[in-house]
Amino acid sequence: MTDAAAGPDELLLRLRNFQSDYFPLHQQRFQDLVAQGQHPKTLFIGCSDSRLVPYLLTGAGPGELFVVRNVGAFVPPYDGTYGLHGTTAAIEYAVLSLHVERIIVCGHSHCGAIRVAYEGAPDEAIALQAWLKLAEEALLPVQSSPEAIRRTEQRVVVLQLERLMDYPMVRREVEAGRLTLHGWHYVIEDGEIHIFDVQQGNFVPASQSVHSGTGPYQPYVENDGQIFSY
Ligand SMILES: [Zn+2]
């Protein structure tokens, strides 16, 4: 069957283009990764939003990022139960089996998860309603506004870093100096990551930051002195 006869299946054409155009340029890399296995140094926990493109942001290629994405880039509380916790399983695998050296939690501007956390999910979206409770502690007691949502998006990132530290294997590796935690907030319209700096208690644009994340968690005090713990 020719492409013309296949009709307007754009996705099929893209699959063929990948193998014919992109893959040959990187074939050796992929085959090395098969022969030697993957050894990514980074676990990237990102929101599912289609505008967040981790590989473009970080300049990463095949084998460099172990990625788990979900609505809001949330980290479920560690409870040690034998449950169907996909994000938790990814964290356990990345830390215990892949021995990643850093974990990035990446939220972003105009995040639908945060907006819906304020405005409420559809009645039928039962799982989504439960999932969005993972942002509840970071919501501000104000009307949702662009500024409140932006600040909440950043507070939610910090909240997930705190939750990560409740994972025994994460805390152990962080305290041993083998693992660093990075909180990022991506501003889509600027193409810039803002990096959480625990010393400053603030998010600093990458263009002005001296690091890609402050590493080990310390108690977080916001600029106005409000201690962010519950
Ligand atoms: Zn989002």
# chains A, B, ... in the order shown; residues from 1 in each chain; ligands from 1
>>> residues_near_ligand(ligand="ligand 1", cutoff="10 Å", atoms="only C-alpha atoms and all ligand atoms", output="ChimeraX atom specification")
/A:46-52,69-74,106-115,153,186
>>> residues_around(residues="Gly61 of chain A", least_positions_apart="2", cutoff="12 Å", atoms="only C-alpha atoms", output="PyMOL selection string")
chain A and resi 26+29-30+33+38+40+42+54-59+63-66
>>> write_last_selection(atoms="N, CA and C atoms", output="PDB file, in the first residue's frame")
ATOM      1  N   HIS A  26      20.622   8.078  14.790  1.00  0.00           N
ATOM      2  CA  HIS A  26      20.881   7.761  16.199  1.00  0.00           C
ATOM      3  C   HIS A  26      20.889   6.254  16.445  1.00  0.00           C
ATOM      4  N   ARG A  29      23.386   4.814  18.999  1.00  0.00           N
ATOM      5  CA  ARG A  29      23.033   5.174  20.375  1.00  0.00           C
ATOM      6  C   ARG A  29      21.944   4.242  20.905  1.00  0.00           C
ATOM      7  N   PHE A  30      20.909   4.042  20.121  1.00  0.00           N
ATOM      8  CA  PHE A  30      19.830   3.156  20.558  1.00  0.00           C
ATOM      9  C   PHE A  30      20.338   1.731  20.760  1.00  0.00           C
ATOM     10  N   LEU A  33      22.289   1.407  23.869  1.00  0.00           N
ATOM     11  CA  LEU A  33      21.399   1.428  25.037  1.00  0.00           C
ATOM     12  C   LEU A  33      20.707   0.085  25.230  1.00  0.00           C
ATOM     13  N   GLN A  38      19.875   0.753  30.025  1.00  0.00           N
ATOM     14  CA  GLN A  38      19.759   2.188  30.286  1.00  0.00           C
ATOM     15  C   GLN A  38      20.387   2.532  31.628  1.00  0.00           C
ATOM     16  N   PRO A  40      20.069   6.033  33.043  1.00  0.00           N
ATOM     17  CA  PRO A  40      19.742   7.463  33.167  1.00  0.00           C
ATOM     18  C   PRO A  40      20.133   7.976  34.549  1.00  0.00           C
ATOM     19  N   THR A  42      18.794  10.786  35.709  1.00  0.00           N
ATOM     20  CA  THR A  42      17.737  11.706  36.131  1.00  0.00           C
ATOM     21  C   THR A  42      16.363  11.049  36.087  1.00  0.00           C
ATOM     22  N   PRO A  54      10.046  17.604  28.082  1.00  0.00           N
ATOM     23  CA  PRO A  54      11.262  17.455  28.910  1.00  0.00           C
ATOM     24  C   PRO A  54      12.551  17.336  28.099  1.00  0.00           C
ATOM     25  N   TYR A  55      12.492  16.646  26.967  1.00  0.00           N
ATOM     26  CA  TYR A  55      13.719  16.417  26.201  1.00  0.00           C
ATOM     27  C   TYR A  55      14.220  17.715  25.575  1.00  0.00           C
ATOM     28  N   LEU A  56      13.293  18.560  25.127  1.00  0.00           N
ATOM     29  CA  LEU A  56      13.701  19.850  24.563  1.00  0.00           C
ATOM     30  C   LEU A  56      14.255  20.752  25.645  1.00  0.00           C
ATOM     31  N   LEU A  57      13.573  20.789  26.786  1.00  0.00           N
ATOM     32  CA  LEU A  57      13.982  21.681  27.878  1.00  0.00           C
ATOM     33  C   LEU A  57      15.381  21.358  28.369  1.00  0.00           C
ATOM     34  N   THR A  58      15.679  20.084  28.492  1.00  0.00           N
ATOM     35  CA  THR A  58      16.945  19.673  29.115  1.00  0.00           C
ATOM     36  C   THR A  58      18.001  19.287  28.086  1.00  0.00           C
ATOM     37  N   GLY A  59      17.652  19.326  26.832  1.00  0.00           N
ATOM     38  CA  GLY A  59      18.621  18.932  25.815  1.00  0.00           C
ATOM     39  C   GLY A  59      18.992  17.466  25.909  1.00  0.00           C
ATOM     40  N   GLY A  63      17.974   7.620  26.521  1.00  0.00           N
ATOM     41  CA  GLY A  63      18.738   7.034  27.618  1.00  0.00           C
ATOM     42  C   GLY A  63      19.068   7.990  28.749  1.00  0.00           C
ATOM     43  N   GLU A  64      18.688   9.260  28.627  1.00  0.00           N
ATOM     44  CA  GLU A  64      19.126  10.233  29.634  1.00  0.00           C
ATOM     45  C   GLU A  64      18.091  10.563  30.697  1.00  0.00           C
ATOM     46  N   LEU A  65      16.816  10.432  30.348  1.00  0.00           N
ATOM     47  CA  LEU A  65      15.771  10.764  31.321  1.00  0.00           C
ATOM     48  C   LEU A  65      14.899   9.544  31.584  1.00  0.00           C
ATOM     49  N   PHE A  66      14.697   9.235  32.851  1.00  0.00           N
ATOM     50  CA  PHE A  66      13.657   8.284  33.231  1.00  0.00           C
ATOM     51  C   PHE A  66      12.462   9.141  33.618  1.00  0.00           C
TER      52      PHE A  66
END
>>> select_by_dssp(residues="segment 69-215 of chain A", states="helix (DSSP H, G or I)", output="PyMOL selection string")
chain A and resi 86-97+112-119+126-138+146-164+168-175
>>> select_by_dssp(residues="segment 39-226 of chain A", states="strand (DSSP E)", output="VMD selection string")
chain A and resid 42 to 47 65 to 70 102 to 108 180 to 187 192 to 197 202 to 205
>>> closest_residue(among="A:Ile104, A:Ala138, A:Ile193, A:Ile91", to="Tyr167 of chain A", atoms="only C-alpha atoms")
A:Ile91
>>> residues_around(residues="segment 126-135 of chain A", least_positions_apart="6", cutoff="7 Å", atoms="only C-alpha atoms", output="PyMOL selection string")
chain A and resi 74+76+117+156
>>> write_last_selection(atoms="C-alpha atoms", output="short mmCIF file (atom, residue, chain, number, x, y, z; two decimals), in the first residue's frame")
data_model
loop_
_atom_site.label_atom_id
_atom_site.label_comp_id
_atom_site.auth_asym_id
_atom_site.auth_seq_id
_atom_site.Cartn_x
_atom_site.Cartn_y
_atom_site.Cartn_z
CA PHE A 74 2.25 15.09 41.80
CA PRO A 76 1.63 10.55 46.12
CA ALA A 117 -8.01 22.06 41.87
CA VAL A 156 2.74 22.56 44.67
#
>>> residues_around(residues="Glu192 of chain A", least_positions_apart="3", cutoff="10 Å", atoms="only C-alpha atoms", output="ChimeraX atom specification")
/A:57,108,184-189,195,205-207
>>> write_last_selection(atoms="C-alpha atoms", output="short mmCIF file (atom, residue, chain, number, x, y, z; two decimals), in the first residue's frame")
data_model
loop_
_atom_site.label_atom_id
_atom_site.label_comp_id
_atom_site.auth_asym_id
_atom_site.auth_seq_id
_atom_site.Cartn_x
_atom_site.Cartn_y
_atom_site.Cartn_z
CA LEU A 57 13.98 21.68 27.88
CA HIS A 108 4.47 24.69 34.76
CA TRP A 184 11.22 23.45 38.63
CA HIS A 185 8.41 25.64 37.37
CA TYR A 186 8.35 26.03 33.59
CA VAL A 187 6.89 29.25 32.21
CA ILE A 188 5.62 28.13 28.83
CA GLU A 189 5.30 31.53 27.20
CA ILE A 195 14.30 26.87 39.80
CA PRO A 205 14.70 32.12 36.65
CA ALA A 206 17.29 29.81 35.12
CA SER A 207 18.93 32.83 33.47
#
>>> atom_distance(atom1="atom CA of Leu98 of chain A", atom2="atom CA of Val53 of chain A")
22.3 Å
>>> closest_residue(among="A:His182, A:Ala121, A:Glu136, A:Pro62", to="Ile45 of chain A", atoms="only C-alpha atoms")
A:His182
>>> atom_distance(atom1="atom CA of His39 of chain A", atom2="atom CA of Gly183 of chain A")
22.0 Å
>>> closest_residue(among="A:Ala94, A:Leu181, A:Leu139, A:Leu84", to="Val67 of chain A", atoms="only C-alpha atoms")
A:Ala94
>>> closest_residue(among="A:Val142, A:Val174, A:Leu161, A:Ala125", to="Val198 of chain A", atoms="only C-alpha atoms")
A:Leu161
>>> residues_around(residues="Leu96 of chain A", least_positions_apart="5", cutoff="10 Å", atoms="only C-alpha atoms", output="VMD selection string")
chain A and resid 90 to 91 169 to 170 173
